[in-house]
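Read the structure below first, then the notes.
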Amino acid sequence: MSRLCALPSFVALALVVSAPAFAQTQELENPGVTAAVQDRPYRLLHELDLWFGVLPLDAFYTGIYAQVGYVYHFTDRFAWQVGRGAYGLAARSSLRGELERNFGVQPTANDEVQFFVGSDVMWKPFYGKLAVMNRAVIHGEIHLLAGATLFRFTNSGFRPGINIGGGGRIFVNKYVSFRLDITHNVVLPTGGGTTSFGNVLTVNLALALNFGGND
Amino acid sequence: MHRAILIVCLLVPVFAWGQSELLEAPPSSVNALQDRAYRLQNEFTVMVGFLPSDPYTKGLFAQGGYAFHFNDYFGIQARGAYAVSLPTSLRNQLERDFTVLPTAFSRVLFFVGGDLIFRPLYGKLSVGNRFVVHGEVHLLGGGSGFAFTDGLTPSIRPAIDIGGGGRLFLGKNASLRLDLVNHIVLAAPGSMTGITNVLALNFGLAVNFGGTE
């Protein structure tokens, strides 16, 4: 009887004793749990950007613009896009003609973005490298943006906006990289007698020239 | 004799220089590519998406799909989506102020299709220099059938699809996927309508079986 009572105790003891050993073998047989993060081969400090972009959101026109900007990178993760300025042209869509043709409606003059200037804070949490067809390696990073923009519209004049967005960068070498950003601007209902919020989406591609980061 | 000595003096350092070039091969020219940590084979996707390009109607859709990956670079997928439409302020204004009938506006009802998947880029990213995440970039090309309706009459139109996207791996069996595809919708046979572009932006969860095992 006493032997029968002791058996569950032995089994429980055997299980408890073997558990740490099992955990150790798990650690020994699974060395991949340690993530080795390599040092960055490309670092940024002073960045000069030459942009080309589009404003695709307005159904009546697509804005096409050129932009220049300067970014100062404090660390590998944080930077300040000190200033950027863009001037745009409007390519009218077929919607105006469609409204006239299909519905007999004559639209009023549309409010179009003429130019805009702004500044942003950049956070760069992702840095990595990609294998291209398992033959070459390219380096890049992903960043998030938040800032403010002052727009000049053709009808309502100057209006401020708050913008959030993000983008990516592919490094060509120490001095040259390509950058793609998408930013959403919420234009505030001030100026020009406007009473509603506006939305301006920007999609832009840049040639970025970097100085001082890797020196 | 002097000429021969001069030639020997010039040639010997050239050979030595050539050997040192071989011995000191620039290390930057060698790329060490690690094996992929995650591989795909049978992939089921559940996605939600947005159709932003119609000025009169914005669409929200749910999509399910299956992809078979032949190797690390190529795969095929089949997908089907059902969409609900939201009228824009322009459409509301036309209906309210200009008495345009709601049946004047065609909207996407559902669409099904298939694509070739080309995945040339695979990589890993450090997150805040603390964690490593794996991901890949892919391109898509294929065809779709689109069902449109104006509220009364449905119509089916073929489309050509081109697009791309990215994937972040959560583990061996799960990943997050973001796709952006432009559907070039052709005219229905015998119809007077022209080519229409339907842009689809979708995001979802992919469940993978068989690849990394």
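Identifiers in the structure tokens: chain A, B, ... in order shown; residue index from 1 per chain; ligand index from 1 in order shown.
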
*May I have the residues of chain B within 6 Å of chain A, counting only C-alpha atoms, written as a list in words?*
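So the contacting residues turn out to be Pro55, Pro120, Leu121, Tyr122, Gly123, Lys124, Leu125, Ser126, Val127 and Gly128 of chain B.
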
Atoms kept (N, CA and C atoms) for selection, written as a PDB file, in the first residue's frame:
```pdb
ATOM      1  N   PRO B  55     -13.942  58.432 -58.381  1.00  0.00           N
ATOM      2  CA  PRO B  55     -14.314  59.698 -57.722  1.00  0.00           C
ATOM      3  C   PRO B  55     -15.729  59.716 -57.158  1.00  0.00           C
ATOM      4  N   PRO B 120      11.712  38.918 -55.967  1.00  0.00           N
ATOM      5  CA  PRO B 120      13.161  39.044 -56.156  1.00  0.00           C
ATOM      6  C   PRO B 120      13.925  39.470 -54.911  1.00  0.00           C
ATOM      7  N   LEU B 121      13.260  40.107 -53.949  1.00  0.00           N
ATOM      8  CA  LEU B 121      13.964  40.665 -52.792  1.00  0.00           C
ATOM      9  C   LEU B 121      13.552  39.963 -51.509  1.00  0.00           C
ATOM     10  N   TYR B 122      14.531  39.469 -50.786  1.00  0.00           N
ATOM     11  CA  TYR B 122      14.292  38.889 -49.462  1.00  0.00           C
ATOM     12  C   TYR B 122      15.341  39.484 -48.529  1.00  0.00           C
ATOM     13  N   GLY B 123      14.929  39.870 -47.326  1.00  0.00           N
ATOM     14  CA  GLY B 123      15.914  40.482 -46.441  1.00  0.00           C
ATOM     15  C   GLY B 123      15.491  40.489 -45.008  1.00  0.00           C
ATOM     16  N   LYS B 124      16.341  41.109 -44.200  1.00  0.00           N
ATOM     17  CA  LYS B 124      16.021  41.236 -42.778  1.00  0.00           C
ATOM     18  C   LYS B 124      16.315  42.663 -42.341  1.00  0.00           C
ATOM     19  N   LEU B 125      15.514  43.111 -41.408  1.00  0.00           N
ATOM     20  CA  LEU B 125      15.595  44.486 -40.921  1.00  0.00           C
ATOM     21  C   LEU B 125      15.802  44.459 -39.416  1.00  0.00           C
ATOM     22  N   SER B 126      16.657  45.353 -38.942  1.00  0.00           N
ATOM     23  CA  SER B 126      16.784  45.494 -37.493  1.00  0.00           C
ATOM     24  C   SER B 126      15.776  46.542 -37.044  1.00  0.00           C
ATOM     25  N   VAL B 127      15.078  46.232 -35.962  1.00  0.00           N
ATOM     26  CA  VAL B 127      14.071  47.148 -35.423  1.00  0.00           C
ATOM     27  C   VAL B 127      14.683  47.829 -34.212  1.00  0.00           C
ATOM     28  N   GLY B 128      15.002  49.105 -34.362  1.00  0.00           N
ATOM     29  CA  GLY B 128      15.604  49.845 -33.265  1.00  0.00           C
ATOM     30  C   GLY B 128      16.903  49.230 -32.771  1.00  0.00           C
TER      31      GLY B 128
END
```

*Just list the residues in segment 4-213 of chain B DSSP gives alpha helix (DSSP H) on the backbone, as a list of chain:residue names.*
B:Ala4, B:Ile5, B:Leu6, B:Ile7, B:Val8, B:Cys9, B:Leu10, B:Leu11, B:Val12, B:Pro13, B:Val14, B:Phe15, B:Ala16, B:Trp17, B:Gly18, B:Gln19, B:Ser20, B:Glu21, B:Leu22, B:Leu23, B:Ser89, B:Leu90, B:Arg91, B:Asn92, B:Gln93, B:Leu94, B:Glu95, B:Arg96, B:Asp97

*In Å to one decimal, how far is atom CA of Thr99 of chain B from atom CA of Gly198 of chain A?*
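These two atoms are separated by 26.0 Å.
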
_With only C-alpha atoms as the counted atoms, please give the residues lying no more than 8 Å from Phe153 of chain A, apart from itself and same-chain residues fewer than 6 positions off, as a PyMOL selection string._
chain A and resi 111-115+159

*atom CA of Asn208 of chain B to atom CA of Asn173 of chain B: how many Å, to one decimal?*
4.6 Å

*From B:Phe44, B:Tyr66, B:Tyr82, B:Tyr56, residue lying nearest Phe110 of chain B [only C-alpha atoms]*: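 Smallest separation from Phe110 of chain B among the options: B:Tyr82.
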
*Could you find all residues in chain B that DSSP calls strand (DSSP E) from the backbone, and write them as a VMD selection string?*
chain B and resid 42 to 51 57 to 69 74 to 87 107 to 127 131 to 149 154 to 169 174 to 185 196 to 209

_Neighbouring residues of Gly145 of chain B were defined as those with any atom within 8 Å, considering only C-alpha atoms; residues of the same chain fewer than 6 positions away were excluded. Please report them as a list in words._
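Those residues are Phe111, Val112, Gly113, Ile156, Arg157, Pro158 and Ala159 of chain B.
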
File dump, residues just selected, N, CA and C atoms, as an mmCIF file, in the first residue's frame:
```
data_model
loop_
_atom_site.group_PDB
_atom_site.id
_atom_site.type_symbol
_atom_site.label_atom_id
_atom_site.label_comp_id
_atom_site.auth_asym_id
_atom_site.auth_seq_id
_atom_site.Cartn_x
_atom_site.Cartn_y
_atom_site.Cartn_z
ATOM 1 N N PHE B 111 -14.845 40.703 -57.390
ATOM 2 C CA PHE B 111 -13.867 40.384 -58.432
ATOM 3 C C PHE B 111 -13.079 39.147 -58.025
ATOM 4 N N VAL B 112 -12.739 38.343 -59.022
ATOM 5 C CA VAL B 112 -11.934 37.133 -58.825
ATOM 6 C C VAL B 112 -10.793 37.158 -59.844
ATOM 7 N N GLY B 113 -9.705 36.516 -59.503
ATOM 8 C CA GLY B 113 -8.586 36.529 -60.441
ATOM 9 C C GLY B 113 -7.437 35.650 -60.010
ATOM 10 N N ILE B 156 -20.101 41.958 -66.251
ATOM 11 C CA ILE B 156 -18.811 41.321 -65.977
ATOM 12 C C ILE B 156 -17.808 41.849 -66.987
ATOM 13 N N ARG B 157 -16.661 42.307 -66.485
ATOM 14 C CA ARG B 157 -15.631 42.839 -67.379
ATOM 15 C C ARG B 157 -14.275 42.230 -67.023
ATOM 16 N N PRO B 158 -13.447 41.916 -68.027
ATOM 17 C CA PRO B 158 -12.110 41.371 -67.746
ATOM 18 C C PRO B 158 -11.128 42.482 -67.393
ATOM 19 N N ALA B 159 -10.079 42.106 -66.697
ATOM 20 C CA ALA B 159 -9.071 43.091 -66.300
ATOM 21 C C ALA B 159 -7.682 42.482 -66.331
#
```

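Near Gly143 of chain B, within a cut-off of 12 Å and counting only C-alpha atoms, sit the residues Ile76, Gln77, Ala78, Arg79, Gly80, Phe111, Val112, Gly113, Gly114, Asp115, Leu116, Leu140, Phe146, Arg157, Pro158, Ala159, Ile160, Asp161, Ile162, Gly163, Val181, Asn182, His183, Ile184, Val185 and Leu186 of chain B, with same-chain residues fewer than 3 positions away left out.
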
Could you save those same residues with N, CA and C atoms as an mmCIF file, in the first residue's frame?
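For reference, selection22.cif as written:
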```cif
data_model
loop_
_atom_site.group_PDB
_atom_site.id
_atom_site.type_symbol
_atom_site.label_atom_id
_atom_site.label_comp_id
_atom_site.auth_asym_id
_atom_site.auth_seq_id
_atom_site.Cartn_x
_atom_site.Cartn_y
_atom_site.Cartn_z
ATOM 1 N N ILE B 76 2.157 31.217 -57.841
ATOM 2 C CA ILE B 76 0.897 31.634 -58.458
ATOM 3 C C ILE B 76 -0.144 31.770 -57.353
ATOM 4 N N GLN B 77 -1.113 32.635 -57.588
ATOM 5 C CA GLN B 77 -2.166 32.788 -56.588
ATOM 6 C C GLN B 77 -3.528 32.933 -57.266
ATOM 7 N N ALA B 78 -4.557 32.482 -56.551
ATOM 8 C CA ALA B 78 -5.959 32.701 -56.939
ATOM 9 C C ALA B 78 -6.615 33.455 -55.799
ATOM 10 N N ARG B 79 -7.543 34.365 -56.148
ATOM 11 C CA ARG B 79 -8.149 35.204 -55.103
ATOM 12 C C ARG B 79 -9.552 35.601 -55.512
ATOM 13 N N GLY B 80 -10.352 35.877 -54.513
ATOM 14 C CA GLY B 80 -11.709 36.356 -54.748
ATOM 15 C C GLY B 80 -12.060 37.395 -53.700
ATOM 16 N N PHE B 111 -14.845 40.703 -57.390
ATOM 17 C CA PHE B 111 -13.867 40.384 -58.432
ATOM 18 C C PHE B 111 -13.079 39.147 -58.025
ATOM 19 N N VAL B 112 -12.739 38.343 -59.022
ATOM 20 C CA VAL B 112 -11.934 37.133 -58.825
ATOM 21 C C VAL B 112 -10.793 37.158 -59.844
ATOM 22 N N GLY B 113 -9.705 36.516 -59.503
ATOM 23 C CA GLY B 113 -8.586 36.529 -60.441
ATOM 24 C C GLY B 113 -7.437 35.650 -60.010
ATOM 25 N N GLY B 114 -6.405 35.663 -60.840
ATOM 26 C CA GLY B 114 -5.190 34.909 -60.561
ATOM 27 C C GLY B 114 -3.968 35.715 -60.965
ATOM 28 N N ASP B 115 -2.846 35.472 -60.300
ATOM 29 C CA ASP B 115 -1.625 36.245 -60.554
ATOM 30 C C ASP B 115 -0.400 35.350 -60.514
ATOM 31 N N LEU B 116 0.616 35.787 -61.231
ATOM 32 C CA LEU B 116 1.956 35.254 -61.056
ATOM 33 C C LEU B 116 2.647 36.109 -60.011
ATOM 34 N N LEU B 140 3.501 41.454 -58.797
ATOM 35 C CA LEU B 140 2.344 40.662 -59.208
ATOM 36 C C LEU B 140 1.935 41.027 -60.634
ATOM 37 N N PHE B 146 -14.148 41.306 -63.228
ATOM 38 C CA PHE B 146 -14.798 42.267 -62.335
ATOM 39 C C PHE B 146 -16.297 42.276 -62.587
ATOM 40 N N ARG B 157 -16.661 42.307 -66.485
ATOM 41 C CA ARG B 157 -15.631 42.839 -67.379
ATOM 42 C C ARG B 157 -14.275 42.230 -67.023
ATOM 43 N N PRO B 158 -13.447 41.916 -68.027
ATOM 44 C CA PRO B 158 -12.110 41.371 -67.746
ATOM 45 C C PRO B 158 -11.128 42.482 -67.393
ATOM 46 N N ALA B 159 -10.079 42.106 -66.697
ATOM 47 C CA ALA B 159 -9.071 43.091 -66.300
ATOM 48 C C ALA B 159 -7.682 42.482 -66.331
ATOM 49 N N ILE B 160 -6.697 43.349 -66.557
ATOM 50 C CA ILE B 160 -5.278 42.969 -66.480
ATOM 51 C C ILE B 160 -4.722 43.607 -65.209
ATOM 52 N N ASP B 161 -3.989 42.835 -64.423
ATOM 53 C CA ASP B 161 -3.513 43.324 -63.130
ATOM 54 C C ASP B 161 -1.999 43.453 -63.125
ATOM 55 N N ILE B 162 -1.517 44.569 -62.595
ATOM 56 C CA ILE B 162 -0.082 44.693 -62.291
ATOM 57 C C ILE B 162 0.045 45.352 -60.929
ATOM 58 N N GLY B 163 1.015 44.924 -60.185
ATOM 59 C CA GLY B 163 1.179 45.510 -58.862
ATOM 60 C C GLY B 163 2.362 44.931 -58.125
ATOM 61 N N VAL B 181 -2.288 46.941 -56.117
ATOM 62 C CA VAL B 181 -2.470 46.394 -57.473
ATOM 63 C C VAL B 181 -3.350 47.341 -58.282
ATOM 64 N N ASN B 182 -2.929 47.616 -59.512
ATOM 65 C CA ASN B 182 -3.773 48.377 -60.429
ATOM 66 C C ASN B 182 -4.436 47.410 -61.408
ATOM 67 N N HIS B 183 -5.771 47.399 -61.399
ATOM 68 C CA HIS B 183 -6.533 46.545 -62.308
ATOM 69 C C HIS B 183 -6.951 47.407 -63.506
ATOM 70 N N ILE B 184 -6.469 47.056 -64.667
ATOM 71 C CA ILE B 184 -6.853 47.768 -65.893
ATOM 72 C C ILE B 184 -8.068 47.024 -66.443
ATOM 73 N N VAL B 185 -9.250 47.583 -66.188
ATOM 74 C CA VAL B 185 -10.496 46.898 -66.536
ATOM 75 C C VAL B 185 -10.857 47.230 -67.974
ATOM 76 N N LEU B 186 -10.946 46.197 -68.777
ATOM 77 C CA LEU B 186 -11.237 46.375 -70.205
ATOM 78 C C LEU B 186 -12.744 46.492 -70.416
#
```

*Near-Ala104 of chain B list (10 Å; only C-alpha atoms; drop same-chain fewer than 3 positions) as an NGL selection string*: (:A and (102-103)) or (:B and (91 or 95 or 100-101 or 107 or 150-151))

Go ahead and write the residues just picked, C-alpha atoms, as a PDB file, in the first residue's frame.
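Written file, selection-v8.pdb:
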```
ATOM      1  CA  ASN A 102     -22.654  62.866 -68.687  1.00  0.00           C
ATOM      2  CA  PHE A 103     -24.492  64.937 -66.117  1.00  0.00           C
TER       3      PHE A 103
ATOM      4  CA  ARG B  91     -21.838  61.700 -55.847  1.00  0.00           C
ATOM      5  CA  GLU B  95     -27.730  63.238 -56.616  1.00  0.00           C
ATOM      6  CA  VAL B 100     -28.690  62.639 -61.070  1.00  0.00           C
ATOM      7  CA  LEU B 101     -30.135  59.166 -60.564  1.00  0.00           C
ATOM      8  CA  ARG B 107     -19.637  50.320 -58.707  1.00  0.00           C
ATOM      9  CA  ASP B 150     -25.351  50.227 -61.174  1.00  0.00           C
ATOM     10  CA  GLY B 151     -27.958  48.948 -58.758  1.00  0.00           C
TER      11      GLY B 151
END
```

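Shell of Leu139 of chain B at 7 Å, with only C-alpha atoms counted and residues fewer than 4 places along the chain excluded, is Ile117, Phe118, Arg119, Gly163, Gly164 and Gly165 of chain B.
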
_I'd like the interatomic distance between atom CA of Phe74 of chain A and atom CA of Tyr175 of chain A, to a tenth of an Å._
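Separation of atom CA of Phe74 of chain A and atom CA of Tyr175 of chain A: 17.1 Å.
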
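Minimum distance to Pro102 of chain B across B:Leu152, B:Val198, B:Leu60, B:Leu170 (counting only C-alpha atoms) occurs at B:Leu152.
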